[in-house]
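J.: I am sharing structure.cif, which consists of mmCIF, C-alpha atoms:
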```
data_data
loop_
_atom_site.label_atom_id
_atom_site.label_comp_id
_atom_site.auth_asym_id
_atom_site.auth_seq_id
_atom_site.Cartn_x
_atom_site.Cartn_y
_atom_site.Cartn_z
CA MET K 1 16.14 -3.45 17.28
CA PRO K 2 13.97 -0.64 18.76
CA ARG K 3 10.21 -0.78 18.46
CA ARG K 4 8.70 1.40 15.83
CA VAL K 5 5.59 3.42 16.56
CA LEU K 6 3.99 6.16 14.52
CA ALA K 7 2.92 8.64 17.19
CA VAL K 8 0.16 11.12 16.49
CA VAL K 9 1.17 14.66 17.33
CA ALA K 10 -2.15 15.37 18.98
CA LEU K 11 -1.71 12.41 21.28
CA LEU K 12 1.71 13.62 22.33
CA ALA K 13 0.29 17.02 23.14
CA LEU K 14 -2.53 15.57 25.23
CA THR K 15 -0.31 13.23 27.22
CA GLY K 16 2.33 15.87 27.88
CA CYS K 17 5.11 13.29 27.73
CA THR K 18 8.71 14.36 27.64
CA SER K 19 11.39 12.85 25.49
CA GLY K 20 13.15 9.77 26.84
CA PRO K 21 16.79 8.73 26.84
CA ALA K 22 19.14 9.09 23.92
CA ILE K 23 17.66 8.03 20.59
CA GLN K 24 18.61 4.63 19.26
CA THR K 25 19.42 5.02 15.59
CA SER K 26 19.88 1.49 14.29
CA SER K 27 18.71 1.35 10.69
CA ILE K 28 15.60 -0.40 9.53
CA PRO K 29 16.28 -3.34 7.23
CA THR K 30 16.32 -2.64 3.51
CA ARG K 31 13.16 -3.99 1.89
CA THR K 32 13.72 -6.07 -1.22
CA SER K 33 11.14 -7.59 -3.48
CA ALA K 34 11.38 -9.44 -6.76
CA PRO K 35 8.26 -8.96 -8.89
CA VAL K 36 5.49 -11.32 -7.82
CA PRO K 37 3.76 -13.25 -10.65
CA PRO K 38 0.14 -12.23 -11.34
CA HIS K 39 -2.43 -13.87 -9.11
CA LEU K 40 -6.18 -13.36 -9.17
CA PRO K 41 -8.48 -13.83 -6.18
CA GLU K 42 -11.34 -16.28 -6.51
CA GLY K 43 -14.30 -14.80 -8.32
CA ILE K 44 -12.43 -12.13 -10.28
CA PRO K 45 -13.39 -12.29 -13.96
CA PRO K 46 -10.15 -12.60 -15.96
CA THR K 47 -11.28 -10.38 -18.84
CA TYR K 48 -13.73 -7.69 -19.90
CA ALA K 49 -14.70 -7.98 -23.55
CA ASP K 50 -15.76 -4.46 -24.56
CA ASP K 51 -12.98 -2.44 -26.18
CA VAL K 52 -13.73 0.90 -24.52
CA ASP K 53 -11.60 3.41 -22.69
CA ALA K 54 -11.23 3.26 -18.94
CA ALA K 55 -13.85 5.91 -18.26
CA ASN K 56 -16.49 3.74 -19.93
CA VAL K 57 -15.65 0.45 -18.21
CA PRO K 58 -18.30 -0.44 -15.60
CA VAL K 59 -16.13 -1.16 -12.57
CA ALA K 60 -18.84 -3.39 -11.10
CA ALA K 61 -17.99 -5.87 -13.88
CA LEU K 62 -14.38 -6.08 -12.64
CA VAL K 63 -15.05 -7.49 -9.16
CA PRO K 64 -16.43 -10.81 -7.85
CA LEU K 65 -20.16 -11.43 -8.27
CA GLY K 66 -22.05 -10.17 -5.24
CA ALA K 67 -19.38 -7.69 -4.16
CA GLY K 68 -19.83 -3.94 -4.14
CA VAL K 69 -17.24 -1.48 -5.44
CA THR K 70 -16.00 0.86 -2.69
CA ASN K 71 -13.46 2.81 -4.74
CA SER K 72 -11.64 2.83 -8.07
CA TRP K 73 -8.88 4.75 -9.87
CA THR K 74 -8.11 5.07 -13.58
CA VAL K 75 -4.48 5.54 -14.57
CA GLU K 76 -2.59 6.13 -17.82
CA THR K 77 0.56 3.99 -17.64
CA ALA K 78 3.48 3.50 -20.03
CA SER K 79 1.76 0.30 -21.23
CA GLY K 80 -1.75 1.71 -21.59
CA GLU K 81 -4.76 2.50 -19.45
CA ALA K 82 -5.15 0.77 -16.10
CA ILE K 83 -7.88 0.53 -13.49
CA VAL K 84 -7.49 -0.21 -9.79
CA VAL K 85 -10.71 -1.32 -8.12
CA VAL K 86 -11.52 -2.07 -4.47
CA TRP K 87 -14.50 -4.13 -3.37
CA GLU K 88 -16.21 -5.56 -0.32
CA PHE K 89 -18.94 -8.09 0.29
CA PRO K 90 -22.00 -7.09 2.34
CA GLY K 91 -22.18 -8.10 5.99
CA HIS K 92 -23.73 -7.13 9.29
CA ASP K 93 -20.40 -6.20 10.88
CA PRO K 94 -18.64 -3.37 8.99
CA PHE K 95 -15.37 -4.27 10.72
CA ARG K 96 -15.42 -7.86 9.50
CA ARG K 97 -16.19 -8.01 5.80
CA ASP K 98 -14.49 -9.84 2.95
CA ARG K 99 -12.58 -7.24 0.96
CA GLY K 100 -10.16 -7.16 -1.94
CA VAL K 101 -8.41 -5.10 -4.61
CA ALA K 102 -7.47 -5.82 -8.21
CA ALA K 103 -5.68 -4.12 -11.09
CA TRP K 104 -6.79 -4.24 -14.72
CA ARG K 105 -5.04 -3.06 -17.88
CA ARG K 106 -6.12 -2.37 -21.44
CA PHE K 107 -4.29 -4.41 -24.08
CA ASP K 108 -3.96 -3.95 -27.83
CA ASP K 109 -2.54 -7.29 -28.94
CA GLY K 110 -5.55 -8.98 -30.49
CA GLY K 111 -6.65 -10.68 -27.28
CA ALA K 112 -9.25 -9.55 -24.76
CA PRO K 113 -9.02 -5.74 -24.58
CA TRP K 114 -9.27 -5.58 -20.77
CA ARG K 115 -7.54 -8.15 -18.54
CA ALA K 116 -7.08 -8.50 -14.81
CA THR K 117 -3.34 -8.41 -14.12
CA TRP K 118 -3.16 -8.66 -10.33
CA GLY K 119 -5.34 -8.93 -7.25
CA VAL K 120 -5.51 -9.86 -3.59
CA SER K 121 -8.41 -10.73 -1.30
CA TYR K 122 -8.67 -10.25 2.46
CA PRO K 123 -11.20 -12.73 3.90
CA ALA K 124 -12.67 -11.50 7.17
CA SER K 125 -12.21 -14.96 8.65
CA ARG K 126 -8.45 -14.84 8.14
CA ASN K 127 -7.23 -11.32 7.24
CA PRO K 128 -9.80 -8.82 8.49
CA VAL K 129 -9.19 -5.48 6.78
CA LEU K 130 -11.05 -2.29 7.68
CA GLY K 131 -10.45 -0.53 4.38
CA ILE K 132 -8.19 -0.32 1.35
CA ASP K 133 -6.80 2.90 -0.10
CA ALA K 134 -4.64 3.57 -3.16
CA ARG K 135 -2.30 6.44 -3.98
CA ILE K 136 -1.10 6.78 -7.54
CA ALA K 137 2.50 7.94 -8.01
CA ASP K 138 5.71 6.89 -9.72
CA VAL K 139 7.56 5.27 -6.84
CA THR K 140 9.66 2.83 -8.89
CA GLY K 141 11.35 5.64 -10.82
CA ASP K 142 10.54 4.31 -14.30
CA GLY K 143 8.43 7.31 -15.31
CA SER K 144 5.13 5.40 -15.18
CA PRO K 145 2.57 5.69 -12.36
CA ASP K 146 2.41 2.93 -9.77
CA ALA K 147 -0.20 2.15 -7.13
CA LEU K 148 0.71 2.35 -3.45
CA LEU K 149 -1.98 0.25 -1.74
CA THR K 150 -2.66 0.39 1.99
CA ALA K 151 -4.91 -2.26 3.54
CA SER K 152 -5.63 -1.06 7.08
CA THR K 153 -6.17 -3.61 9.84
CA GLY K 154 -6.55 -1.09 12.67
CA GLY K 155 -5.24 -1.31 16.21
CA SER K 156 -3.69 1.43 18.31
CA GLY K 157 -0.58 1.31 16.13
CA GLY K 158 -2.40 1.85 12.84
CA CYS K 159 -1.50 -1.58 11.49
CA ALA K 160 -1.59 -2.09 7.74
CA ALA K 161 -0.28 -4.09 4.82
CA VAL K 162 1.37 -1.82 2.25
CA THR K 163 1.86 -2.99 -1.32
CA VAL K 164 3.40 -1.33 -4.36
CA LEU K 165 1.98 -2.43 -7.69
CA ASN K 166 3.75 -1.67 -10.95
CA LEU K 167 0.63 -0.96 -12.99
CA ALA K 168 2.36 -1.00 -16.37
CA ALA K 169 3.77 -4.48 -15.75
CA GLY K 170 0.89 -5.70 -13.60
CA SER K 171 3.30 -6.96 -10.93
CA GLN K 172 3.76 -6.49 -7.20
CA VAL K 173 7.21 -5.10 -6.36
CA PHE K 174 6.91 -4.26 -2.67
CA ARG K 175 5.04 -5.51 0.37
CA ASP K 176 5.48 -4.60 4.02
CA THR K 177 3.11 -5.57 6.82
CA GLY K 178 3.38 -3.96 10.21
CA CYS K 179 2.17 -1.46 12.76
CA ASP K 180 3.19 1.96 13.97
CA ARG K 181 4.61 3.32 10.76
CA ALA K 182 3.43 5.20 7.66
CA ILE K 183 4.65 4.60 4.11
CA ASP K 184 4.05 7.34 1.56
CA PRO K 185 5.28 8.18 -1.95
CA SER K 186 8.52 10.14 -2.20
CA ALA K 187 8.79 12.61 -5.07
CA ASP K 188 12.49 13.54 -4.97
CA PRO K 189 13.92 11.03 -5.43
CA PRO K 190 11.03 8.88 -6.65
CA GLY K 191 10.53 6.15 -4.11
CA LEU K 192 8.95 5.46 -0.72
CA ARG K 193 9.14 7.49 2.48
CA VAL K 194 8.92 5.41 5.65
CA HIS K 195 8.07 7.49 8.73
CA GLU K 196 8.30 5.74 12.09
CA ALA K 197 8.94 6.54 15.71
CA VAL K 198 12.12 5.55 17.51
CA TYR K 199 11.82 4.33 21.09
CA ALA K 200 14.64 4.41 23.59
CA PRO K 201 14.60 1.98 26.51
CA GLY K 202 11.91 3.00 28.96
CA ASP K 203 9.94 5.21 26.58
CA PRO K 204 6.16 4.88 27.14
CA HIS K 205 3.97 4.01 24.18
CA CYS K 206 2.72 7.57 23.91
CA CYS K 207 6.10 9.22 23.76
CA PRO K 208 8.87 8.11 21.42
CA SER K 209 12.24 9.77 21.75
CA GLY K 210 12.41 10.57 18.05
CA PHE K 211 11.24 9.89 14.54
CA ARG K 212 13.09 8.16 11.73
CA ASP K 213 12.49 9.04 8.07
CA THR K 214 13.86 6.62 5.51
CA ILE K 215 13.74 7.07 1.74
CA LEU K 216 13.72 3.82 -0.24
CA VAL K 217 14.40 3.75 -3.99
CA TYR K 218 13.85 0.90 -6.42
CA GLU K 219 16.87 -0.12 -8.47
CA ASN K 220 17.42 -3.34 -10.42
CA GLY K 221 14.60 -5.13 -8.64
CA THR K 222 15.78 -4.14 -5.15
CA TRP K 223 14.70 -1.48 -2.68
CA ARG K 224 17.70 0.26 -1.17
CA THR K 225 18.01 3.02 1.41
CA ALA K 226 18.78 6.33 -0.31
CA SER K 227 18.77 8.39 2.89
CA GLU K 228 17.87 8.14 6.54
CA SER K 229 17.50 10.71 9.26
CA VAL K 230 16.39 10.71 12.90
CA SER K 231 15.06 13.79 14.66
CA PRO K 232 14.09 14.30 18.31
CA ALA K 233 10.42 14.22 19.13
#
```
Will you turn the file into structure tokens for me?

T.:
Amino acid sequence: MPRRVLAVVALLALTGCTSGPAIQTSSIPTRTSAPVPPHLPEGIPPTYADDVDAANVPVAALVPLGAGVTNSWTVETASGEAIVVVWEFPGHDPFRRDRGVAAWRRFDDGGAPWRATWGVSYPASRNPVLGIDARIADVTGDGSPDALLTASTGGSGGCAAVTVLNLAAGSQVFRDTGCDRAIDPSADPPGLRVHEAVYAPGDPHCCPSGFRDTILVYENGTWRTASESVSPA
């Protein structure tokens, strides 16, 4: 299977590389993911007791003690309000800090009004992550917003772990870890757009022969390829 590299246009222009041999167009494997049961990182409080709307929840109360909030998003889902919160612990090296992300949802069933539904931590000693970003969009096609989470680990290939979280259900439905590719929301059809470079034999790292765009859609608990195209670089 050809290597996949997301090439930056500016880099291509600077290097002045020409396209290589004929593009290899073997398809990427279809990603599948059954919903992952909720799991909370150590230190995450399981509940928040005040019955207030998302705008009035202090996000610092939703992360482990001693951590600082680096970003948060409030979302109105089909099951109620949700909050996605990213944190990091202090440290001397900004490139090696313990980081994590969690999702919370507001419930109206007589129990605790706010509950943590999902989370993941990235210890610097094992999974060093440079930063975590979230994009909110309906990528599962159920009409309710999801969170597309990207935990960047750096490197020349822009390595990252990409996760899709169904915020209404509080479950993880997609995860892909790799380098040299970008995964973004697709609007029409709702799903994921995977953009990656295609290398022919002998292509240098700077200069892929083409780019593959794949649209993945979520149906019956499975991600399938809705369309795929390859264009010359």

J.: Would you kindly return, as a ChimeraX atom specification, each protein, DNA or RNA residue with an atom no farther than 7 Å from any atom of segment 90-103 of chain K, considering all atoms listed in the file and excluding same-chain residues fewer than 4 positions away?

T.: /K:83-86,116-124,128-130

J.: Around (1.9, -3.8, -18.3) in the file's own coordinates, what residues are found within 9 Å if you use all atoms listed in the file, given back as a count of residues only?

T.: 15

J.: Can I get the residues of segment 82-150 of chain K within 12 Å of segment 204-222 of chain K, each with the closest pair of atoms and their distance in Å to one decimal, using only C-alpha atoms, sorted chain first then ascending number, as JSON lines?

T.:
```
{"residue": "K:Asp138", "atom": "CA", "partner": "K:Tyr218", "partner_atom": "CA", "distance": 10.6}
{"residue": "K:Val139", "atom": "CA", "partner": "K:Val217", "partner_atom": "CA", "distance": 7.6}
{"residue": "K:Thr140", "atom": "CA", "partner": "K:Tyr218", "partner_atom": "CA", "distance": 5.2}
{"residue": "K:Gly141", "atom": "CA", "partner": "K:Tyr218", "partner_atom": "CA", "distance": 6.9}
{"residue": "K:Asp142", "atom": "CA", "partner": "K:Tyr218", "partner_atom": "CA", "distance": 9.2}
```

J.: Please produce an output containing C-alpha atoms for each residue in the selection, written as a short mmCIF file (atom, residue, chain, number, x, y, z; two decimals), in the frame of the given file.

T.:
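Contents of the output file result.cif:
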```cif
data_model
loop_
_atom_site.label_atom_id
_atom_site.label_comp_id
_atom_site.auth_asym_id
_atom_site.auth_seq_id
_atom_site.Cartn_x
_atom_site.Cartn_y
_atom_site.Cartn_z
CA ASP K 138 5.71 6.89 -9.72
CA VAL K 139 7.56 5.27 -6.84
CA THR K 140 9.66 2.83 -8.89
CA GLY K 141 11.35 5.64 -10.82
CA ASP K 142 10.54 4.31 -14.30
#
```

J.: To one decimal place, how far is atom CA of Asp176 of chain K from atom CA of Pro46 of chain K in Å?

T.: 26.6 Å

J.: Measuring atom to atom with all atoms listed in the file, identify which of K:Trp104, K:Glu76, K:Thr177, K:Cys159 is nearest to Val59 of chain K.

T.: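 Checking each candidate against Val59 of chain K, we get K:Trp104 as the closest.
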
J.: Which residues, named as in the file, does the PyMOL selection byres ((chain K and resi 60-63) around 7) pick out? Answer as a compact mmCIF listing (two decimals) with C-alpha atoms, in the frame of the given file.

T.:
```txt
# COMPACT_ATOMS: atom_id res chain seq x y z
CA ILE K 44 -12.43 -12.13 -10.28
CA PRO K 45 -13.39 -12.29 -13.96
CA PRO K 58 -18.30 -0.44 -15.60
CA VAL K 59 -16.13 -1.16 -12.57
CA PRO K 64 -16.43 -10.81 -7.85
CA LEU K 65 -20.16 -11.43 -8.27
CA ALA K 67 -19.38 -7.69 -4.16
CA VAL K 69 -17.24 -1.48 -5.44
CA TRP K 87 -14.50 -4.13 -3.37
```

J.: Quick one: of K:Gly43, K:Gly131, K:Gly143, K:Gly178, who's nearest to Ala160 of chain K, counting only C-alpha atoms?

T.: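 Smallest separation from Ala160 of chain K among the options: K:Gly178.
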
J.: Just the number, please: distance in Å from atom CA of Val173 of chain K to atom CA of Arg193 of chain K, one decimal.

T.: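 Atom-to-atom, atom CA of Val173 of chain K and atom CA of Arg193 of chain K are spaced 15.5 Å apart.
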
J.: Go through K:Ser156, K:Trp114, K:Val162, K:Asp109 and flag the residue nearest Ala134 of chain K, using all atoms listed in the file for the distances.

T.: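 Using all atoms listed in the file, the shortest distance to Ala134 of chain K belongs to K:Val162.
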
J.: Just to confirm, what's the straight-line distance from atom CA of Ser227 of chain K to atom CA of Asp133 of chain K in Å (one decimal)?

T.: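 Answer for the atom CA of Ser227 of chain K to atom CA of Asp133 of chain K separation: 26.3 Å.
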
J.: Quick one: 8 Å padding each side, axis-aligned, all listed atoms of segment 162-181 of chain K - centre and edge lengths in Å to one decimal, as lines of an AutoDock Vina configuration file?

T.:
```
center_x = 3.9
center_y = -1.8
center_z = -1.2
size_x = 22.6
size_y = 26.3
size_z = 46.3
```

J.: From the list K:Arg224, K:Arg175, K:Arg181, K:Arg135, which residue is nearest Asn71 of chain K when using only C-alpha atoms?

T.: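 Once distances to Asn71 of chain K are computed over only C-alpha atoms, the minimum belongs to K:Arg135.
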
J.: Which is closer to Val194 of chain K than all the others in K:Asn56, K:Val75, K:Pro113, K:Asp180, using all atoms listed in the file?

T.: K:Asp180

J.: Which polymer residues have any atom within 6 Å of an atom of Val164 of chain K, counting all atoms listed in the file, with same-chain residues fewer than 2 positions away left out, as a list in words?

T.: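 Residues near the query, excluding close chain neighbours: Ala147, Leu148, Gln172, Val173 and Phe174 of chain K.
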
J.: Using all atoms listed in the file, pick whichever of K:Asp50, K:Asp188, K:Glu196, K:Asp146 has the shortest atom-to-atom distance to Gly158 of chain K.

T.: K:Glu196
